[in-house]
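Everything below concerns the one structure shown next.
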Amino acid sequence: MTSTSAAAAARATVHGYPRQGPHRELKKAVEGYWKGRVSADALGNTAAALRRDTWQQLAEAGVHEVPTGDFSYYDHVLDTTVMVGAIPARHRAAVAADCPLDVYFAMARGTQDVAPLEMTKWFDTNYHYLVPELGPDTVFAADSVKQVTELREALALGLTARPVLVGPVSYLLLAKPAPGVAAGFDPLTLLDRLLPVYAEVLADLRAAGAHWVQLDEPALVQDRSPAELDAAARAYRGLGALTDRPQLLVASYFDRLGEALPVLAKAPVEGLALDFTGAAAGNLADLAAAGGLPGKRLVAGVVNGRNVWLNDFEKSLATLGTLLGLAEQVDVSSSCSLLHVPLDVGVEREIDPQIARWLAFARQKTAEVVTLARGLSRGTGAIAAELAANRADLAARARSQLTHDPAVRARAAAVTDADGRRSQPYAERAAAQRAHLGLPLLPTTTIGSFPQTDQLRGARAALRAGRIDAAAYDERIAAEIREVLAFQEKAGLDVLVHGEPERNDMVQYFAEQLTGALTTQHGWVQSYGTRCVRPPILAGDLSRPEPMTVRWTQYAQSLTDRPVKGMLTGPVTMLAWSFVRDDQPLADTARQMALALRDEVNDLEAAGSSVIQVDEPALRETLPLRAAGHAEYLAWATEAFRLTTGGVRPDTQIHTHMCYAEFGDILRAIDDLDADVISLEAARSHMQVAGELATAGYPREVGPGVYDIHSPRVPGAHEATALLRKGLEAIPAERLWVNPDCGLKTRGWPEVRAALENLVAAARGIRDGLPGAAS
């Protein structure tokens, strides 16, 4: 490639960056504020320092235009709700003093008396956003303080900055009708009411010095109706016609724009930012077919912002070279915000240096963007050394023994349909399980984890530092299990768990014990709010050398006569919450994972587990964003679950768990899992999923959650009772379980004790009034 006049101006940028800081400084400051140990001013100072450091690092790396406004104390969609003034009245009233920060956190977390906003997954990622609540009476009002302040901070550093906002169409498409609003209300009908607010924010940003503003419209990569596409066209006709505004860059990511591409290409905006990675690679052909973007800026997302594998420079440069003829200006970017990857692979000392060269976290991806922009502008000769190193690293990965294990591949190839089916149909299994387990109506249980205490975390840190040996650590684990079992028996729960004190994370714990998987020491990624996880890296063929959970599950069962659930993370969730290899189909990796977990399920049963839970909270979030890909995905995803669980006896009860997602479009797949019991999030959504399952004729046992564990508030027994009664309107008592929404790891013991005691009291109160109830 040689330099051209169009390429000479190529700039490097990114859509966003990790927020928490290299040592999770933001998490610690926010949680300190919640506990009263950190003042609002101190929290603000920490946040400002993190923003400053991020922008300076980006600029020093060679990024020409830094993003602002992507920083958040909790969630960028929640920030948008504040920006447009759509704060529910209950949250404004929940805070005694006039403190916007406390109102903000009341929306995010609730209070003892007020429920928070509902939380769900951000498209098909493991990031959670807070769902706006809107109704026909919603009054929008512009509040651009955050956006203007952060822009001015970046400009004061002498940087070129581009504010990033959630676009108005996606904001409304991501919203839900507020509680009490009549069924059928469509938030998109509020578009004409919302656009003037965006116009005011844009004017404020222009006055503060913004030359460009990015409006993110990721909802447009999903299948959209003609009316929704017309709304997008109307929105950007209106915003584009404004005279007092910056130049507008409309961004999409995670998939191809499809039918929305010509809508945005024709809109009177100055630029588009498109994803050209993974499922979105089709944007290249679509853009060419649409005639390109004459006279417009194109920000080309050729560096994958969602995965951790190094970029293929030659492939990306070929894409960029094609794009040069399709737009007036082509700039180089990540495909989406780098929020979804860890910060820096350079600090990972325990990953083999050769394997580390296959990886790129946020800082490395930024360097890739800058390198590609330089190559596009100056020609490949300017980056000859980088191209040679990139080719060598890609080749080393392709020929590594880690990525190809003949025994694993042979076993996966030998799988038959029979391996993924239980030996008896559900009705016969259910009868055998009732006889074997002897549970009452409305059996009570939890989802798996219990609070991770300071003593437990301290013991884990002491073991890593060598201050205690393995025997002392094991005694700490055993003591935690004894405490958890004793509490559950005293509280009256029917099916117990061991509490998972030995597990650092529900995915990482298993990845540490699988061949072909890598884990990090510092690879934190935000999941929601201050909750950060360290996703494993599935780098090669997967297998389980030895049992992973049997020891502690068996120990817990020895302490009680009540059934103790064996607890595993399912194969789809292991993939969804890891960084998965990109050199083979996901279905192949899922089958390998399922076979490894199948060995664990069979060993748990052999060790005496009568109830085994295989969690699949990510089944819905991994669903392709466009319907055309649903059938293929659901076929291999449900096969992987059945392959994991298909080898147990009929009287062994298989549970699964899902949380915080929209289940309506995968109900048939949930049925196809053939689990005996499924537990799902239902507290924040007011038992909506129970009605959906009933409407779909779901025939198995269901535990819709009655305790929202993502809020610190303790629901009273009357609240749990009301939710259970609503659940019973949809699910008969013979098939209804009583449980929290999710695991209890992030909660404190005082609230867990009170909430579970209230849960059991609610179940017993209703149970005692049912015909056929057993004590």
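Every chain in the structure tokens has a letter given in the order shown (A, B, ...), and although residue numbers restart at 1 in each chain, ligands are simply numbered from 1 in the order shown.
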Check: Counting only C-alpha atoms, what is within 6 Å of segment 219-233 of chain A, bar same-chain residues fewer than 3 positions away, as a VMD selection string?
Finding: chain A and resid 170 236 255 to 257 263 625 to 626
Next item on the list: Extract, using only C-alpha atoms, all DNA, RNA and protein residues at most 8 Å from segment 670-679 of chain A, discarding same-chain residues fewer than 3 positions from it, and format them as a list in words.
Entry: Tyr426, Ala430, Ile447, Thr638, Glu639, Phe641, Arg642, Gln653, Ile654, His655, Thr656, His657, Met658, Ile666, Leu667, Tyr698, Arg700, Glu701, Val702, Gly703, Pro704, Gly705, Trp737, Asn739 and Asp741 of chain A
Dump of N, CA, C and O atoms for the selected residues, as a compact mmCIF listing (two decimals), in the first residue's frame:
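That gives us result21.txt:
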# COMPACT_ATOMS: atom_id res chain seq x y z
N TYR A 426 -39.12 -36.14 30.73
CA TYR A 426 -39.22 -35.35 31.95
C TYR A 426 -40.27 -35.87 32.92
O TYR A 426 -40.03 -35.94 34.13
N ALA A 430 -39.41 -36.61 36.71
CA ALA A 430 -39.97 -35.80 37.79
C ALA A 430 -40.56 -36.69 38.88
O ALA A 430 -40.37 -36.42 40.08
N ILE A 447 -29.30 -19.74 44.86
CA ILE A 447 -28.72 -19.98 43.54
C ILE A 447 -27.31 -20.56 43.61
O ILE A 447 -26.86 -21.19 42.67
N THR A 638 -27.94 -25.27 22.99
CA THR A 638 -28.74 -26.23 23.75
C THR A 638 -28.13 -27.63 23.69
O THR A 638 -28.18 -28.38 24.67
N GLU A 639 -27.51 -27.97 22.57
CA GLU A 639 -26.82 -29.26 22.50
C GLU A 639 -25.70 -29.32 23.54
O GLU A 639 -25.49 -30.34 24.20
N PHE A 641 -25.51 -27.79 26.43
CA PHE A 641 -26.07 -28.00 27.77
C PHE A 641 -26.49 -29.46 27.95
O PHE A 641 -26.18 -30.09 28.96
N ARG A 642 -27.22 -29.98 26.98
CA ARG A 642 -27.68 -31.37 27.10
C ARG A 642 -26.51 -32.34 27.13
O ARG A 642 -26.55 -33.37 27.81
N GLN A 653 -31.69 -34.71 39.86
CA GLN A 653 -32.41 -33.52 39.40
C GLN A 653 -31.41 -32.48 38.89
O GLN A 653 -30.52 -32.04 39.61
N ILE A 654 -31.60 -32.09 37.64
CA ILE A 654 -30.73 -31.10 37.01
C ILE A 654 -31.41 -29.73 37.05
O ILE A 654 -32.52 -29.55 36.56
N HIS A 655 -30.74 -28.78 37.66
CA HIS A 655 -31.20 -27.39 37.70
C HIS A 655 -30.36 -26.56 36.73
O HIS A 655 -29.21 -26.89 36.45
N THR A 656 -30.93 -25.45 36.29
CA THR A 656 -30.14 -24.43 35.62
C THR A 656 -30.62 -23.07 36.09
O THR A 656 -31.69 -22.97 36.71
N HIS A 657 -29.82 -22.05 35.83
CA HIS A 657 -30.16 -20.70 36.30
C HIS A 657 -29.83 -19.68 35.22
O HIS A 657 -28.83 -19.79 34.51
N MET A 658 -30.71 -18.68 35.09
CA MET A 658 -30.49 -17.56 34.18
C MET A 658 -30.88 -16.28 34.88
O MET A 658 -31.71 -16.29 35.79
N ILE A 666 -36.43 -16.81 23.54
CA ILE A 666 -35.68 -18.07 23.61
C ILE A 666 -36.43 -19.11 24.44
O ILE A 666 -35.83 -20.08 24.90
N LEU A 667 -37.73 -18.93 24.64
CA LEU A 667 -38.46 -19.86 25.51
C LEU A 667 -38.43 -21.28 24.95
O LEU A 667 -38.34 -22.25 25.70
N TYR A 698 -44.53 -23.86 29.18
CA TYR A 698 -43.33 -24.52 29.73
C TYR A 698 -43.75 -25.56 30.76
O TYR A 698 -44.46 -25.24 31.72
N ARG A 700 -41.94 -27.67 32.90
CA ARG A 700 -41.07 -28.14 33.98
C ARG A 700 -41.14 -27.21 35.19
O ARG A 700 -41.91 -26.27 35.22
N GLU A 701 -40.31 -27.49 36.18
CA GLU A 701 -40.36 -26.72 37.43
C GLU A 701 -39.57 -25.42 37.26
O GLU A 701 -38.57 -25.36 36.55
N VAL A 702 -40.05 -24.37 37.95
CA VAL A 702 -39.54 -23.02 37.75
C VAL A 702 -39.35 -22.33 39.09
O VAL A 702 -40.21 -22.42 39.97
N GLY A 703 -38.22 -21.61 39.22
CA GLY A 703 -37.97 -20.78 40.40
C GLY A 703 -37.77 -19.33 40.01
O GLY A 703 -36.62 -18.88 39.89
N PRO A 704 -38.84 -18.57 39.79
CA PRO A 704 -38.67 -17.14 39.50
C PRO A 704 -38.25 -16.40 40.76
O PRO A 704 -38.86 -16.53 41.81
N GLY A 705 -37.18 -15.61 40.68
CA GLY A 705 -36.60 -15.01 41.88
C GLY A 705 -37.53 -14.05 42.59
O GLY A 705 -38.25 -13.27 41.95
N TRP A 737 -40.71 -23.13 42.56
CA TRP A 737 -39.67 -23.05 43.57
C TRP A 737 -39.55 -21.62 44.08
O TRP A 737 -40.01 -20.69 43.43
N ASN A 739 -36.74 -18.86 45.48
CA ASN A 739 -35.29 -18.60 45.52
C ASN A 739 -34.99 -17.14 45.22
O ASN A 739 -35.85 -16.41 44.71
N ASP A 741 -32.95 -14.08 43.08
CA ASP A 741 -32.69 -13.89 41.66
C ASP A 741 -31.37 -14.49 41.21
O ASP A 741 -31.24 -14.96 40.08
Notebook entry, point to check: Looking at A:Arg409, A:Ala9, A:Ala556, A:Thr444, which one is nearest to Ala486 of chain A, with distances taken over only C-alpha atoms?
Noted result: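 Among the listed residues, A:Ala556 lies closest to Ala486 of chain A.
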Set the distance at 12 Å and use only C-alpha atoms: which residues neighbour Tyr73 of chain A once local chain neighbours fewer than 2 positions away are removed? I'd like the list as a short mmCIF file (atom, residue, chain, number, x, y, z; two decimals) with all heavy atoms, in the first residue's frame.
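For reference, out15.cif as written:
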data_model
loop_
_atom_site.label_atom_id
_atom_site.label_comp_id
_atom_site.auth_asym_id
_atom_site.auth_seq_id
_atom_site.Cartn_x
_atom_site.Cartn_y
_atom_site.Cartn_z
N PRO A 18 -11.65 1.54 29.38
CA PRO A 18 -11.99 1.04 30.71
C PRO A 18 -12.04 2.16 31.74
O PRO A 18 -11.20 3.07 31.73
CB PRO A 18 -10.87 0.04 31.01
CG PRO A 18 -10.43 -0.44 29.66
CD PRO A 18 -10.54 0.77 28.76
N ARG A 19 -13.00 2.08 32.65
CA ARG A 19 -13.27 3.19 33.59
C ARG A 19 -12.65 3.01 34.96
O ARG A 19 -12.49 3.98 35.70
CB ARG A 19 -14.79 3.31 33.79
CG ARG A 19 -15.57 3.51 32.52
CD ARG A 19 -17.04 3.17 32.73
NE ARG A 19 -17.83 3.43 31.53
CZ ARG A 19 -19.03 2.92 31.32
NH1 ARG A 19 -19.59 2.13 32.21
NH2 ARG A 19 -19.69 3.20 30.22
N GLN A 20 -12.38 1.77 35.36
CA GLN A 20 -12.11 1.50 36.77
C GLN A 20 -10.72 1.92 37.22
O GLN A 20 -10.49 2.12 38.41
CB GLN A 20 -12.31 0.01 37.07
CG GLN A 20 -13.76 -0.45 36.93
CD GLN A 20 -14.67 0.19 37.96
OE1 GLN A 20 -14.26 0.41 39.10
NE2 GLN A 20 -15.90 0.48 37.57
N GLY A 21 -9.77 2.06 36.28
CA GLY A 21 -8.40 2.41 36.67
C GLY A 21 -7.54 1.16 36.79
O GLY A 21 -8.05 0.05 36.94
N GLU A 25 -9.40 1.73 41.09
CA GLU A 25 -9.54 2.87 41.99
C GLU A 25 -10.98 3.39 42.05
O GLU A 25 -11.45 3.81 43.11
CB GLU A 25 -8.61 4.00 41.54
CG GLU A 25 -7.13 3.72 41.72
CD GLU A 25 -6.49 3.08 40.51
OE1 GLU A 25 -7.23 2.53 39.65
OE2 GLU A 25 -5.26 3.12 40.41
N LEU A 26 -11.67 3.37 40.90
CA LEU A 26 -13.05 3.87 40.90
C LEU A 26 -13.96 2.98 41.72
O LEU A 26 -14.79 3.47 42.49
CB LEU A 26 -13.56 3.98 39.47
CG LEU A 26 -14.98 4.56 39.34
CD1 LEU A 26 -15.05 5.98 39.86
CD2 LEU A 26 -15.47 4.48 37.90
N LYS A 27 -13.83 1.68 41.58
CA LYS A 27 -14.63 0.75 42.37
C LYS A 27 -14.46 1.03 43.86
O LYS A 27 -15.45 1.12 44.61
CB LYS A 27 -14.20 -0.69 42.05
CG LYS A 27 -14.74 -1.76 43.01
CD LYS A 27 -14.08 -3.10 42.72
CE LYS A 27 -14.46 -4.14 43.76
NZ LYS A 27 -15.89 -4.51 43.71
N LYS A 28 -13.22 1.18 44.28
CA LYS A 28 -12.96 1.39 45.71
C LYS A 28 -13.51 2.73 46.19
O LYS A 28 -14.06 2.82 47.29
CB LYS A 28 -11.46 1.29 45.96
CG LYS A 28 -10.90 -0.10 45.66
CD LYS A 28 -9.37 -0.11 45.60
CE LYS A 28 -8.87 -1.48 45.15
NZ LYS A 28 -7.41 -1.51 44.95
N ALA A 29 -13.41 3.76 45.35
CA ALA A 29 -13.90 5.07 45.76
C ALA A 29 -15.43 5.08 45.82
O ALA A 29 -16.02 5.63 46.77
CB ALA A 29 -13.40 6.13 44.79
N VAL A 30 -16.09 4.49 44.83
CA VAL A 30 -17.56 4.47 44.83
C VAL A 30 -18.08 3.66 46.01
O VAL A 30 -19.00 4.09 46.72
CB VAL A 30 -18.09 3.90 43.49
CG1 VAL A 30 -19.59 3.64 43.58
CG2 VAL A 30 -17.79 4.88 42.35
N GLU A 31 -17.51 2.49 46.23
CA GLU A 31 -17.98 1.67 47.36
C GLU A 31 -17.66 2.35 48.68
O GLU A 31 -18.42 2.23 49.64
CB GLU A 31 -17.36 0.28 47.27
CG GLU A 31 -17.90 -0.52 46.08
CD GLU A 31 -17.29 -1.90 45.95
OE1 GLU A 31 -16.33 -2.21 46.71
OE2 GLU A 31 -17.76 -2.67 45.10
N TYR A 33 -17.75 5.58 49.08
CA TYR A 33 -18.80 6.59 49.20
C TYR A 33 -20.09 5.96 49.72
O TYR A 33 -20.76 6.53 50.60
CB TYR A 33 -19.05 7.25 47.84
CG TYR A 33 -20.16 8.27 47.86
CD1 TYR A 33 -19.94 9.55 48.38
CD2 TYR A 33 -21.43 7.96 47.38
CE1 TYR A 33 -20.96 10.49 48.43
CE2 TYR A 33 -22.45 8.89 47.42
CZ TYR A 33 -22.22 10.15 47.95
OH TYR A 33 -23.24 11.07 48.00
N TRP A 34 -20.44 4.80 49.21
CA TRP A 34 -21.66 4.13 49.68
C TRP A 34 -21.59 3.83 51.18
O TRP A 34 -22.61 3.88 51.87
CB TRP A 34 -21.87 2.82 48.93
CG TRP A 34 -22.18 2.98 47.47
CD1 TRP A 34 -22.62 4.11 46.85
CD2 TRP A 34 -22.08 1.99 46.46
NE1 TRP A 34 -22.79 3.88 45.50
CE2 TRP A 34 -22.47 2.59 45.23
CE3 TRP A 34 -21.70 0.65 46.44
CZ2 TRP A 34 -22.49 1.89 44.02
CZ3 TRP A 34 -21.72 -0.05 45.23
CH2 TRP A 34 -22.11 0.57 44.05
N ALA A 40 -18.21 13.00 48.75
CA ALA A 40 -18.55 13.25 47.34
C ALA A 40 -17.41 13.96 46.63
O ALA A 40 -17.08 13.66 45.47
CB ALA A 40 -19.84 14.05 47.25
N LEU A 43 -14.62 11.46 45.97
CA LEU A 43 -15.01 10.59 44.86
C LEU A 43 -14.84 11.33 43.53
O LEU A 43 -14.30 10.78 42.56
CB LEU A 43 -16.46 10.14 45.04
CG LEU A 43 -17.07 9.34 43.89
CD1 LEU A 43 -16.27 8.09 43.59
CD2 LEU A 43 -18.53 8.98 44.21
N GLY A 44 -15.29 12.57 43.48
CA GLY A 44 -15.14 13.36 42.27
C GLY A 44 -13.69 13.56 41.87
O GLY A 44 -13.34 13.52 40.68
N THR A 46 -11.15 11.53 42.58
CA THR A 46 -10.65 10.25 42.06
C THR A 46 -11.08 10.06 40.61
O THR A 46 -10.29 9.67 39.75
CB THR A 46 -11.16 9.08 42.92
OG1 THR A 46 -10.64 9.21 44.24
CG2 THR A 46 -10.74 7.74 42.34
N ALA A 47 -12.36 10.35 40.35
CA ALA A 47 -12.88 10.18 39.00
C ALA A 47 -12.17 11.11 38.01
O ALA A 47 -11.79 10.70 36.91
CB ALA A 47 -14.39 10.45 38.98
N ALA A 48 -11.96 12.35 38.40
CA ALA A 48 -11.30 13.30 37.51
C ALA A 48 -9.86 12.89 37.22
O ALA A 48 -9.37 13.02 36.08
CB ALA A 48 -11.33 14.70 38.14
N LEU A 50 -8.71 9.80 37.20
CA LEU A 50 -8.75 8.65 36.30
C LEU A 50 -9.01 9.09 34.87
O LEU A 50 -8.38 8.58 33.92
CB LEU A 50 -9.83 7.66 36.75
CG LEU A 50 -9.53 6.88 38.04
CD1 LEU A 50 -10.76 6.11 38.49
CD2 LEU A 50 -8.36 5.92 37.82
N ARG A 51 -9.92 10.03 34.69
CA ARG A 51 -10.18 10.52 33.34
C ARG A 51 -8.93 11.19 32.75
O ARG A 51 -8.57 10.94 31.59
CB ARG A 51 -11.35 11.52 33.36
CG ARG A 51 -12.69 10.89 33.67
CD ARG A 51 -13.84 11.84 33.37
NE ARG A 51 -13.85 13.01 34.25
CZ ARG A 51 -14.53 13.10 35.38
NH1 ARG A 51 -15.24 12.07 35.82
NH2 ARG A 51 -14.51 14.21 36.10
N GLY A 69 -17.05 11.64 28.00
CA GLY A 69 -18.44 11.29 28.27
C GLY A 69 -18.67 9.80 28.42
O GLY A 69 -19.74 9.38 28.87
N ASP A 70 -17.69 8.97 28.05
CA ASP A 70 -17.85 7.53 28.21
C ASP A 70 -17.57 7.08 29.64
O ASP A 70 -17.94 5.97 30.02
CB ASP A 70 -16.91 6.78 27.26
CG ASP A 70 -15.44 7.08 27.54
OD1 ASP A 70 -15.06 8.26 27.53
OD2 ASP A 70 -14.68 6.12 27.80
N PHE A 71 -16.93 7.94 30.44
CA PHE A 71 -16.68 7.62 31.85
C PHE A 71 -18.01 7.59 32.61
O PHE A 71 -18.92 8.38 32.33
CB PHE A 71 -15.76 8.66 32.46
CG PHE A 71 -15.46 8.43 33.92
CD1 PHE A 71 -14.41 7.63 34.30
CD2 PHE A 71 -16.27 8.99 34.89
CE1 PHE A 71 -14.14 7.39 35.63
CE2 PHE A 71 -16.01 8.76 36.23
CZ PHE A 71 -14.95 7.96 36.61
N ASP A 75 -23.03 3.47 35.10
CA ASP A 75 -23.49 2.98 33.81
C ASP A 75 -23.77 4.15 32.88
O ASP A 75 -24.40 5.14 33.28
CB ASP A 75 -24.76 2.14 34.00
CG ASP A 75 -25.49 1.87 32.71
OD1 ASP A 75 -24.83 1.44 31.75
OD2 ASP A 75 -26.72 2.11 32.65
N HIS A 76 -23.36 4.05 31.64
CA HIS A 76 -23.53 5.15 30.69
C HIS A 76 -24.98 5.34 30.25
O HIS A 76 -25.37 6.44 29.87
CB HIS A 76 -22.62 4.96 29.47
CG HIS A 76 -22.79 3.66 28.77
ND1 HIS A 76 -22.12 2.52 29.14
CD2 HIS A 76 -23.55 3.31 27.70
CE1 HIS A 76 -22.44 1.53 28.34
NE2 HIS A 76 -23.32 1.97 27.46
N VAL A 77 -25.80 4.29 30.29
CA VAL A 77 -27.22 4.48 29.98
C VAL A 77 -27.90 5.21 31.13
O VAL A 77 -28.75 6.09 30.92
CB VAL A 77 -27.91 3.13 29.68
CG1 VAL A 77 -29.39 3.36 29.34
CG2 VAL A 77 -27.22 2.41 28.53
N LEU A 78 -27.53 4.89 32.36
CA LEU A 78 -28.03 5.63 33.50
C LEU A 78 -27.61 7.10 33.40
O LEU A 78 -28.42 8.01 33.71
CB LEU A 78 -27.51 5.02 34.80
CG LEU A 78 -27.95 5.69 36.10
CD1 LEU A 78 -29.46 5.64 36.27
CD2 LEU A 78 -27.26 5.03 37.30
N ASP A 79 -26.39 7.36 32.97
CA ASP A 79 -25.95 8.74 32.77
C ASP A 79 -26.83 9.46 31.75
O ASP A 79 -27.13 10.65 31.89
CB ASP A 79 -24.50 8.77 32.29
CG ASP A 79 -23.52 8.22 33.32
OD1 ASP A 79 -23.88 8.14 34.50
OD2 ASP A 79 -22.40 7.86 32.92
N LEU A 101 -26.02 13.03 43.34
CA LEU A 101 -25.26 11.78 43.35
C LEU A 101 -26.02 10.68 44.06
O LEU A 101 -26.03 9.52 43.62
CB LEU A 101 -23.90 12.03 44.01
CG LEU A 101 -22.86 10.92 43.88
CD1 LEU A 101 -22.57 10.61 42.41
CD2 LEU A 101 -21.57 11.33 44.58
N ASP A 102 -26.71 11.01 45.15
CA ASP A 102 -27.47 10.00 45.87
C ASP A 102 -28.71 9.58 45.08
O ASP A 102 -29.13 8.41 45.13
CB ASP A 102 -27.86 10.51 47.25
CG ASP A 102 -26.66 10.60 48.19
OD1 ASP A 102 -25.61 9.99 47.87
OD2 ASP A 102 -26.75 11.29 49.22
N TYR A 104 -28.80 9.47 41.86
CA TYR A 104 -28.19 8.62 40.84
C TYR A 104 -28.01 7.20 41.36
O TYR A 104 -28.41 6.22 40.71
CB TYR A 104 -26.85 9.24 40.45
CG TYR A 104 -26.04 8.49 39.42
CD1 TYR A 104 -26.20 8.73 38.06
CD2 TYR A 104 -25.06 7.58 39.81
CE1 TYR A 104 -25.43 8.07 37.11
CE2 TYR A 104 -24.29 6.92 38.87
CZ TYR A 104 -24.48 7.16 37.52
OH TYR A 104 -23.71 6.51 36.59
N PHE A 105 -27.42 7.07 42.56
CA PHE A 105 -27.18 5.74 43.10
C PHE A 105 -28.48 5.07 43.57
O PHE A 105 -28.57 3.84 43.60
CB PHE A 105 -26.15 5.79 44.22
CG PHE A 105 -24.74 6.03 43.73
CD1 PHE A 105 -23.95 7.03 44.29
CD2 PHE A 105 -24.21 5.27 42.71
CE1 PHE A 105 -22.66 7.26 43.83
CE2 PHE A 105 -22.92 5.49 42.23
CZ PHE A 105 -22.14 6.48 42.80
N ALA A 108 -29.62 3.32 40.62
CA ALA A 108 -28.77 2.17 40.33
C ALA A 108 -28.97 1.01 41.30
O ALA A 108 -29.00 -0.16 40.89
CB ALA A 108 -27.30 2.60 40.35
N LYS A 146 -22.56 16.92 33.23
CA LYS A 146 -21.52 15.89 33.18
C LYS A 146 -20.80 15.94 31.83
O LYS A 146 -19.56 15.92 31.77
CB LYS A 146 -22.13 14.51 33.39
CG LYS A 146 -21.14 13.36 33.20
CD LYS A 146 -21.83 12.01 33.28
CE LYS A 146 -20.83 10.86 33.20
NZ LYS A 146 -20.13 10.78 31.89
N GLN A 526 -15.38 -4.48 33.75
CA GLN A 526 -16.61 -4.09 34.44
C GLN A 526 -17.78 -4.94 33.93
O GLN A 526 -18.00 -5.07 32.73
CB GLN A 526 -16.91 -2.61 34.20
CG GLN A 526 -18.13 -2.11 34.96
CD GLN A 526 -18.44 -0.65 34.67
OE1 GLN A 526 -17.89 -0.08 33.74
NE2 GLN A 526 -19.30 -0.05 35.47
N TYR A 528 -21.06 -4.78 35.95
CA TYR A 528 -22.09 -3.77 36.22
C TYR A 528 -21.62 -2.95 37.41
O TYR A 528 -20.97 -3.46 38.32
CB TYR A 528 -23.46 -4.40 36.51
CG TYR A 528 -23.52 -5.21 37.79
CD1 TYR A 528 -23.81 -4.61 39.01
CD2 TYR A 528 -23.25 -6.57 37.79
CE1 TYR A 528 -23.83 -5.33 40.18
CE2 TYR A 528 -23.28 -7.32 38.96
CZ TYR A 528 -23.58 -6.69 40.15
OH TYR A 528 -23.59 -7.43 41.32
N GLY A 529 -21.94 -1.66 37.41
CA GLY A 529 -21.61 -0.83 38.56
C GLY A 529 -20.16 -0.98 38.97
O GLY A 529 -19.24 -0.77 38.18
N THR A 530 -19.96 -1.39 40.22
CA THR A 530 -18.60 -1.61 40.72
C THR A 530 -18.19 -3.08 40.65
O THR A 530 -17.12 -3.44 41.14
CB THR A 530 -18.47 -1.13 42.18
OG1 THR A 530 -19.39 -1.88 43.00
CG2 THR A 530 -18.80 0.35 42.30
N ARG A 531 -19.04 -3.90 40.07
CA ARG A 531 -18.74 -5.33 39.95
C ARG A 531 -17.82 -5.55 38.76
O ARG A 531 -18.15 -5.26 37.62
CB ARG A 531 -20.04 -6.10 39.77
CG ARG A 531 -19.88 -7.57 39.39
CD ARG A 531 -19.31 -8.40 40.50
NE ARG A 531 -19.39 -9.82 40.18
CZ ARG A 531 -18.59 -10.74 40.65
NH1 ARG A 531 -17.64 -10.41 41.51
NH2 ARG A 531 -18.73 -12.00 40.32
#
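The shortest atom-to-atom distance to Thr573 of chain A, with only C-alpha atoms taken into account, belongs to A:Thr622 out of A:Thr622, A:Gln688, A:Thr403, A:Asn283.
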Margin query: Can you pull out the residues contacting segment 535-546 of chain A? Cut-off 7 Å, using only C-alpha atoms, and skip same-chain residues under 4 positions away; I want them as a PyMOL selection string.
Written below: chain A and resi 402-405+408+508+511+513-520+577-581+592-593+596
Next item on the list: Select, from A:Thr644, A:Thr371, A:Gln112, A:Gln452, the residue with the minimum atom-to-atom distance to Ala12 of chain A, counting only C-alpha atoms.
Entry: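 Under the stated criterion, the closest residue is A:Thr371.
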Check: Near Leu194 of chain A, within 9 Å and counting only C-alpha atoms, which residues show up once chain neighbours fewer than 4 positions away are dropped, as a ChimeraX atom specification?
Finding: /A:84,139-141,168,190,198-199
Item checked: DSSP strand (DSSP E) residues within segment 680-734 of chain A, listed as a ChimeraX atom specification -> /A:680,701-704
Write the residues of the preceding selection, restricted to C-alpha atoms, as an mmCIF file, in the first residue's frame.
data_model
loop_
_atom_site.group_PDB
_atom_site.id
_atom_site.type_symbol
_atom_site.label_atom_id
_atom_site.label_comp_id
_atom_site.auth_asym_id
_atom_site.auth_seq_id
_atom_site.Cartn_x
_atom_site.Cartn_y
_atom_site.Cartn_z
ATOM 1 C CA LEU A 680 -34.639 -17.002 36.676
ATOM 2 C CA GLU A 701 -40.356 -26.716 37.426
ATOM 3 C CA VAL A 702 -39.540 -23.021 37.747
ATOM 4 C CA GLY A 703 -37.972 -20.783 40.404
ATOM 5 C CA PRO A 704 -38.667 -17.139 39.496
#
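Comparing A:Met83, A:Leu191, A:Ala432, A:Val497 by their smallest distance to Leu744 of chain A, the closest is A:Val497 (using only C-alpha atoms).
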Notebook entry, point to check: From the set A:Ala459, A:Gly62, A:Ala762, A:His91, which residue has the shortest atom-to-atom contact distance to Leu372 of chain A, counting only C-alpha atoms?
Noted result: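 When distances to Leu372 of chain A are compared using only C-alpha atoms, the smallest one comes from A:Gly62.
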Next item on the list: Point out the residue among A:Ala398, A:Ala367, A:Ala115, A:Val611 with the least atom-to-atom distance to Glu719 of chain A, counting only C-alpha atoms.
Entry: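 Among the listed residues, A:Ala115 lies closest to Glu719 of chain A.
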Notebook entry, point to check: Neighbours of Leu326 of chain A within 10 Å (only C-alpha atoms; same-chain residues fewer than 3 positions away dropped), as number ranges by chain?
Noted result: A: 284, 287-288, 290-298, 320-323, 329-330
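Relative to atom CA of Ala210 of chain A, atom CA of Gly240 of chain A is found at 15.7 Å.
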